Amino acid sequence: MSARFFKVAAVYFVIAIILGIVMGIRHDFSLASVHAHLNLLGWVSMALFGTIYHLYPAAGSSKLATIHFWLHNLGVPVMQGGITLVMLTENGVFTAFAIIGSLVVVLGGILFAVNVFKHVKAEFLVLKKFA
Ligand code: HEM
Ligand code: HEM
């Protein structure tokens with residue numbers, strides 16, 4: 001799962017910094033929170049998931065990692081898309097997307113934590129280094 005996470009992270013990074021530049025040029029910071037979370041949930045978190053899954057292949061190749069990947073990658077666009085539409089249209093209906101997307105991300109995050117506790121063991125990393 002690590003290569004997939006790295007590739008999607010790179011795409012979010014590009015989208016998020018373009019949004020940052022557009023906000024700066026337009027002096028309109030209403031989407032600052034979307035910019036922040038595309039960077040932090042999209043780029044930073046996914047780069048970290050990819051790194052952890054690469055360092056600990058038992059975690060990265062588990063079923064939990066696959067489910068986590070899909071929950072995170074469905075949740076983030078639904079959540080951030082919902083917030084963007086709320087900000088742009090002022091239509092509260094889109095709040096539902098933000099809430100549902102967030103809950104999906106949280107569920108993925110819980111599975112990630114379970115996976116880390118199950119499969120991340122200090123000796124795996126040490127053995128790999130000296131192999
Ligand atoms: C070319 C790259 C980037 C540009 C042009 C940019 C631009 C901006 C702008 C214009 C703001 C709004 C500032 C304000 O509200 O006064 C902002 C806020 C923010 N940016 Fe970026 N940014 C960039 C990269 C990043 C990266 C890489 C991260 C995180 C890894 C990040 C995280 C944040 C956060 C957390 C905020 C605060 C949002 C808030 O206060 O609501 N930005 N950025
Ligand atoms: C499901 C996951 C998450 C939810 C539901 C969430 C929700 C929120 C909310 C409601 C705010 C306040 C926004 C505002 O005042 O406009 C916020 C702000 C912030 N969050 Fe998150 N967050 C999540 C994940 C994260 C993660 C993973 C990070 C960092 C790695 C992060 C970093 C921040 C930062 C830096 C701010 C302040 C900047 C801002 O106002 O946008 N968040 N978050």
# chains A, B, ... in the order shown; residues from 1 in each chain; ligands from 1
>>> residues_near_ligand(ligand="ligand 1", cutoff="6 Å", atoms="only C-alpha atoms and all ligand atoms", output="list in words")
Ile17, Gly20, Ile21, Met23, Gly24, Phe29, Ala32, Ser33, Ala36, Asn39, Leu40 and Val44 of chain A
>>> write_last_selection(atoms="N, CA, C and O atoms", output="PDB file, in the first residue's frame")
ATOM      1  N   ILE A  17      -1.065  23.001  -2.884  1.00  0.00           N
ATOM      2  CA  ILE A  17      -0.226  24.201  -3.001  1.00  0.00           C
ATOM      3  C   ILE A  17      -0.744  25.118  -4.117  1.00  0.00           C
ATOM      4  O   ILE A  17      -0.630  26.338  -4.015  1.00  0.00           O
ATOM      5  N   GLY A  20      -3.279  27.037  -2.448  1.00  0.00           N
ATOM      6  CA  GLY A  20      -2.618  28.043  -1.602  1.00  0.00           C
ATOM      7  C   GLY A  20      -2.200  29.260  -2.406  1.00  0.00           C
ATOM      8  O   GLY A  20      -2.430  30.405  -1.994  1.00  0.00           O
ATOM      9  N   ILE A  21      -1.625  29.004  -3.575  1.00  0.00           N
ATOM     10  CA  ILE A  21      -1.167  30.128  -4.412  1.00  0.00           C
ATOM     11  C   ILE A  21      -2.368  30.935  -4.923  1.00  0.00           C
ATOM     12  O   ILE A  21      -2.362  32.163  -4.892  1.00  0.00           O
ATOM     13  N   MET A  23      -5.265  31.215  -3.492  1.00  0.00           N
ATOM     14  CA  MET A  23      -5.792  32.003  -2.356  1.00  0.00           C
ATOM     15  C   MET A  23      -4.972  33.273  -2.168  1.00  0.00           C
ATOM     16  O   MET A  23      -5.511  34.353  -1.933  1.00  0.00           O
ATOM     17  N   GLY A  24      -3.641  33.109  -2.242  1.00  0.00           N
ATOM     18  CA  GLY A  24      -2.745  34.263  -2.051  1.00  0.00           C
ATOM     19  C   GLY A  24      -2.958  35.311  -3.136  1.00  0.00           C
ATOM     20  O   GLY A  24      -3.058  36.506  -2.847  1.00  0.00           O
ATOM     21  N   PHE A  29      -9.227  34.064   1.485  1.00  0.00           N
ATOM     22  CA  PHE A  29      -8.755  32.936   2.298  1.00  0.00           C
ATOM     23  C   PHE A  29      -9.907  32.080   2.836  1.00  0.00           C
ATOM     24  O   PHE A  29      -9.752  31.355   3.803  1.00  0.00           O
ATOM     25  N   ALA A  32      -9.089  28.479   3.234  1.00  0.00           N
ATOM     26  CA  ALA A  32      -7.821  28.191   3.923  1.00  0.00           C
ATOM     27  C   ALA A  32      -7.872  26.848   4.654  1.00  0.00           C
ATOM     28  O   ALA A  32      -6.905  26.090   4.655  1.00  0.00           O
ATOM     29  N   SER A  33      -9.034  26.549   5.236  1.00  0.00           N
ATOM     30  CA  SER A  33      -9.148  25.293   5.977  1.00  0.00           C
ATOM     31  C   SER A  33      -9.077  24.099   5.011  1.00  0.00           C
ATOM     32  O   SER A  33      -8.492  23.064   5.343  1.00  0.00           O
ATOM     33  N   ALA A  36      -5.509  23.753   4.112  1.00  0.00           N
ATOM     34  CA  ALA A  36      -4.768  23.157   5.237  1.00  0.00           C
ATOM     35  C   ALA A  36      -4.991  21.643   5.274  1.00  0.00           C
ATOM     36  O   ALA A  36      -4.042  20.866   5.393  1.00  0.00           O
ATOM     37  N   ASN A  39      -3.537  19.584   2.458  1.00  0.00           N
ATOM     38  CA  ASN A  39      -2.115  19.394   2.748  1.00  0.00           C
ATOM     39  C   ASN A  39      -1.894  18.389   3.875  1.00  0.00           C
ATOM     40  O   ASN A  39      -1.018  17.528   3.774  1.00  0.00           O
ATOM     41  N   LEU A  40      -2.699  18.497   4.943  1.00  0.00           N
ATOM     42  CA  LEU A  40      -2.385  17.717   6.153  1.00  0.00           C
ATOM     43  C   LEU A  40      -2.967  16.309   6.116  1.00  0.00           C
ATOM     44  O   LEU A  40      -2.314  15.359   6.554  1.00  0.00           O
ATOM     45  N   VAL A  44       0.541  15.287   3.932  1.00  0.00           N
ATOM     46  CA  VAL A  44       1.372  14.888   5.086  1.00  0.00           C
ATOM     47  C   VAL A  44       0.949  13.522   5.644  1.00  0.00           C
ATOM     48  O   VAL A  44       1.787  12.623   5.806  1.00  0.00           O
TER      49      VAL A  44
END
>>> residues_near_ligand(ligand="ligand 2", cutoff="8 Å", atoms="only C-alpha atoms and all ligand atoms", output="list in words")
Ala32, Ser33, Val34, His35, Ala36, His37, Leu40, Leu41, Val44, Ser45, Val76, Ile99, Gly101, Ser102, Leu103, Val104, Val105 and Val106 of chain A
>>> closest_residue(among="A:Phe6, A:Phe49, A:Tyr12, A:Trp43", to="Gly108 in chain A", atoms="only C-alpha atoms")
A:Phe49
>>> closest_residue(among="A:Ala47, A:Ala122, A:Leu74, A:Leu31", to="Leu88 in chain A", atoms="only C-alpha atoms")
A:Leu31
>>> atom_distance(atom1="CA of Ile25 in chain A", atom2="CA of Gln80 in chain A")
21.2 Å
>>> atom_distance(atom1="CA of Lys121 in chain A", atom2="CA of Ala9 in chain A")
25.1 Å
>>> decode(residues="range 48-67 of chain A", atoms="N, CA, C and O atoms", output="PDB file, in the first residue's frame")
ATOM      1  N   LEU A  48       3.032   9.980   5.453  1.00  0.00           N
ATOM      2  CA  LEU A  48       3.405   9.243   6.673  1.00  0.00           C
ATOM      3  C   LEU A  48       2.875   7.809   6.641  1.00  0.00           C
ATOM      4  O   LEU A  48       3.590   6.870   7.010  1.00  0.00           O
ATOM      5  N   PHE A  49       1.628   7.640   6.179  1.00  0.00           N
ATOM      6  CA  PHE A  49       1.086   6.268   6.079  1.00  0.00           C
ATOM      7  C   PHE A  49       1.988   5.450   5.142  1.00  0.00           C
ATOM      8  O   PHE A  49       2.354   4.317   5.445  1.00  0.00           O
ATOM      9  N   GLY A  50       2.329   6.056   3.986  1.00  0.00           N
ATOM     10  CA  GLY A  50       3.171   5.363   3.014  1.00  0.00           C
ATOM     11  C   GLY A  50       4.517   4.988   3.620  1.00  0.00           C
ATOM     12  O   GLY A  50       5.029   3.890   3.397  1.00  0.00           O
ATOM     13  N   THR A  51       5.088   5.904   4.396  1.00  0.00           N
ATOM     14  CA  THR A  51       6.402   5.654   5.015  1.00  0.00           C
ATOM     15  C   THR A  51       6.307   4.513   6.031  1.00  0.00           C
ATOM     16  O   THR A  51       7.132   3.584   6.038  1.00  0.00           O
ATOM     17  N   ILE A  52       5.298   4.560   6.879  1.00  0.00           N
ATOM     18  CA  ILE A  52       5.142   3.520   7.910  1.00  0.00           C
ATOM     19  C   ILE A  52       4.869   2.158   7.252  1.00  0.00           C
ATOM     20  O   ILE A  52       5.467   1.146   7.620  1.00  0.00           O
ATOM     21  N   TYR A  53       4.000   2.159   6.237  1.00  0.00           N
ATOM     22  CA  TYR A  53       3.691   0.890   5.563  1.00  0.00           C
ATOM     23  C   TYR A  53       4.908   0.341   4.809  1.00  0.00           C
ATOM     24  O   TYR A  53       5.042  -0.863   4.633  1.00  0.00           O
ATOM     25  N   HIS A  54       5.796   1.253   4.353  1.00  0.00           N
ATOM     26  CA  HIS A  54       7.014   0.769   3.679  1.00  0.00           C
ATOM     27  C   HIS A  54       8.001   0.200   4.709  1.00  0.00           C
ATOM     28  O   HIS A  54       8.614  -0.848   4.490  1.00  0.00           O
ATOM     29  N   LEU A  55       8.142   0.898   5.822  1.00  0.00           N
ATOM     30  CA  LEU A  55       9.100   0.448   6.849  1.00  0.00           C
ATOM     31  C   LEU A  55       8.651  -0.857   7.505  1.00  0.00           C
ATOM     32  O   LEU A  55       9.477  -1.641   7.962  1.00  0.00           O
ATOM     33  N   TYR A  56       7.341  -1.050   7.581  1.00  0.00           N
ATOM     34  CA  TYR A  56       6.792  -2.249   8.231  1.00  0.00           C
ATOM     35  C   TYR A  56       5.899  -2.998   7.243  1.00  0.00           C
ATOM     36  O   TYR A  56       4.678  -2.829   7.241  1.00  0.00           O
ATOM     37  N   PRO A  57       6.509  -3.813   6.379  1.00  0.00           N
ATOM     38  CA  PRO A  57       5.741  -4.495   5.321  1.00  0.00           C
ATOM     39  C   PRO A  57       4.596  -5.352   5.864  1.00  0.00           C
ATOM     40  O   PRO A  57       3.588  -5.521   5.180  1.00  0.00           O
ATOM     41  N   ALA A  58       4.743  -5.891   7.078  1.00  0.00           N
ATOM     42  CA  ALA A  58       3.650  -6.701   7.631  1.00  0.00           C
ATOM     43  C   ALA A  58       2.399  -5.842   7.789  1.00  0.00           C
ATOM     44  O   ALA A  58       1.273  -6.296   7.551  1.00  0.00           O
ATOM     45  N   ALA A  59       2.607  -4.584   8.172  1.00  0.00           N
ATOM     46  CA  ALA A  59       1.473  -3.657   8.290  1.00  0.00           C
ATOM     47  C   ALA A  59       0.995  -3.242   6.894  1.00  0.00           C
ATOM     48  O   ALA A  59      -0.204  -3.229   6.606  1.00  0.00           O
ATOM     49  N   GLY A  60       1.956  -2.933   6.008  1.00  0.00           N
ATOM     50  CA  GLY A  60       1.624  -2.411   4.683  1.00  0.00           C
ATOM     51  C   GLY A  60       0.931  -3.412   3.773  1.00  0.00           C
ATOM     52  O   GLY A  60       0.163  -3.032   2.893  1.00  0.00           O
ATOM     53  N   SER A  61       1.193  -4.716   3.998  1.00  0.00           N
ATOM     54  CA  SER A  61       0.588  -5.713   3.108  1.00  0.00           C
ATOM     55  C   SER A  61      -0.662  -6.345   3.716  1.00  0.00           C
ATOM     56  O   SER A  61      -1.222  -7.275   3.154  1.00  0.00           O
ATOM     57  N   SER A  62      -1.088  -5.828   4.868  1.00  0.00           N
ATOM     58  CA  SER A  62      -2.258  -6.436   5.524  1.00  0.00           C
ATOM     59  C   SER A  62      -3.558  -5.938   4.890  1.00  0.00           C
ATOM     60  O   SER A  62      -3.588  -4.910   4.216  1.00  0.00           O
ATOM     61  N   LYS A  63      -4.613  -6.690   5.141  1.00  0.00           N
ATOM     62  CA  LYS A  63      -5.952  -6.316   4.661  1.00  0.00           C
ATOM     63  C   LYS A  63      -6.379  -4.968   5.272  1.00  0.00           C
ATOM     64  O   LYS A  63      -7.023  -4.155   4.616  1.00  0.00           O
ATOM     65  N   LEU A  64      -5.968  -4.762   6.534  1.00  0.00           N
ATOM     66  CA  LEU A  64      -6.312  -3.501   7.203  1.00  0.00           C
ATOM     67  C   LEU A  64      -5.770  -2.298   6.429  1.00  0.00           C
ATOM     68  O   LEU A  64      -6.421  -1.259   6.335  1.00  0.00           O
ATOM     69  N   ALA A  65      -4.544  -2.448   5.865  1.00  0.00           N
ATOM     70  CA  ALA A  65      -3.932  -1.335   5.120  1.00  0.00           C
ATOM     71  C   ALA A  65      -4.747  -1.025   3.866  1.00  0.00           C
ATOM     72  O   ALA A  65      -4.943   0.142   3.518  1.00  0.00           O
ATOM     73  N   THR A  66      -5.227  -2.086   3.195  1.00  0.00           N
ATOM     74  CA  THR A  66      -6.040  -1.873   1.983  1.00  0.00           C
ATOM     75  C   THR A  66      -7.335  -1.149   2.343  1.00  0.00           C
ATOM     76  O   THR A  66      -7.730  -0.181   1.683  1.00  0.00           O
ATOM     77  N   ILE A  67      -7.999  -1.628   3.400  1.00  0.00           N
ATOM     78  CA  ILE A  67      -9.264  -0.986   3.808  1.00  0.00           C
ATOM     79  C   ILE A  67      -8.992   0.457   4.226  1.00  0.00           C
ATOM     80  O   ILE A  67      -9.725   1.375   3.858  1.00  0.00           O
TER      81      ILE A  67
END
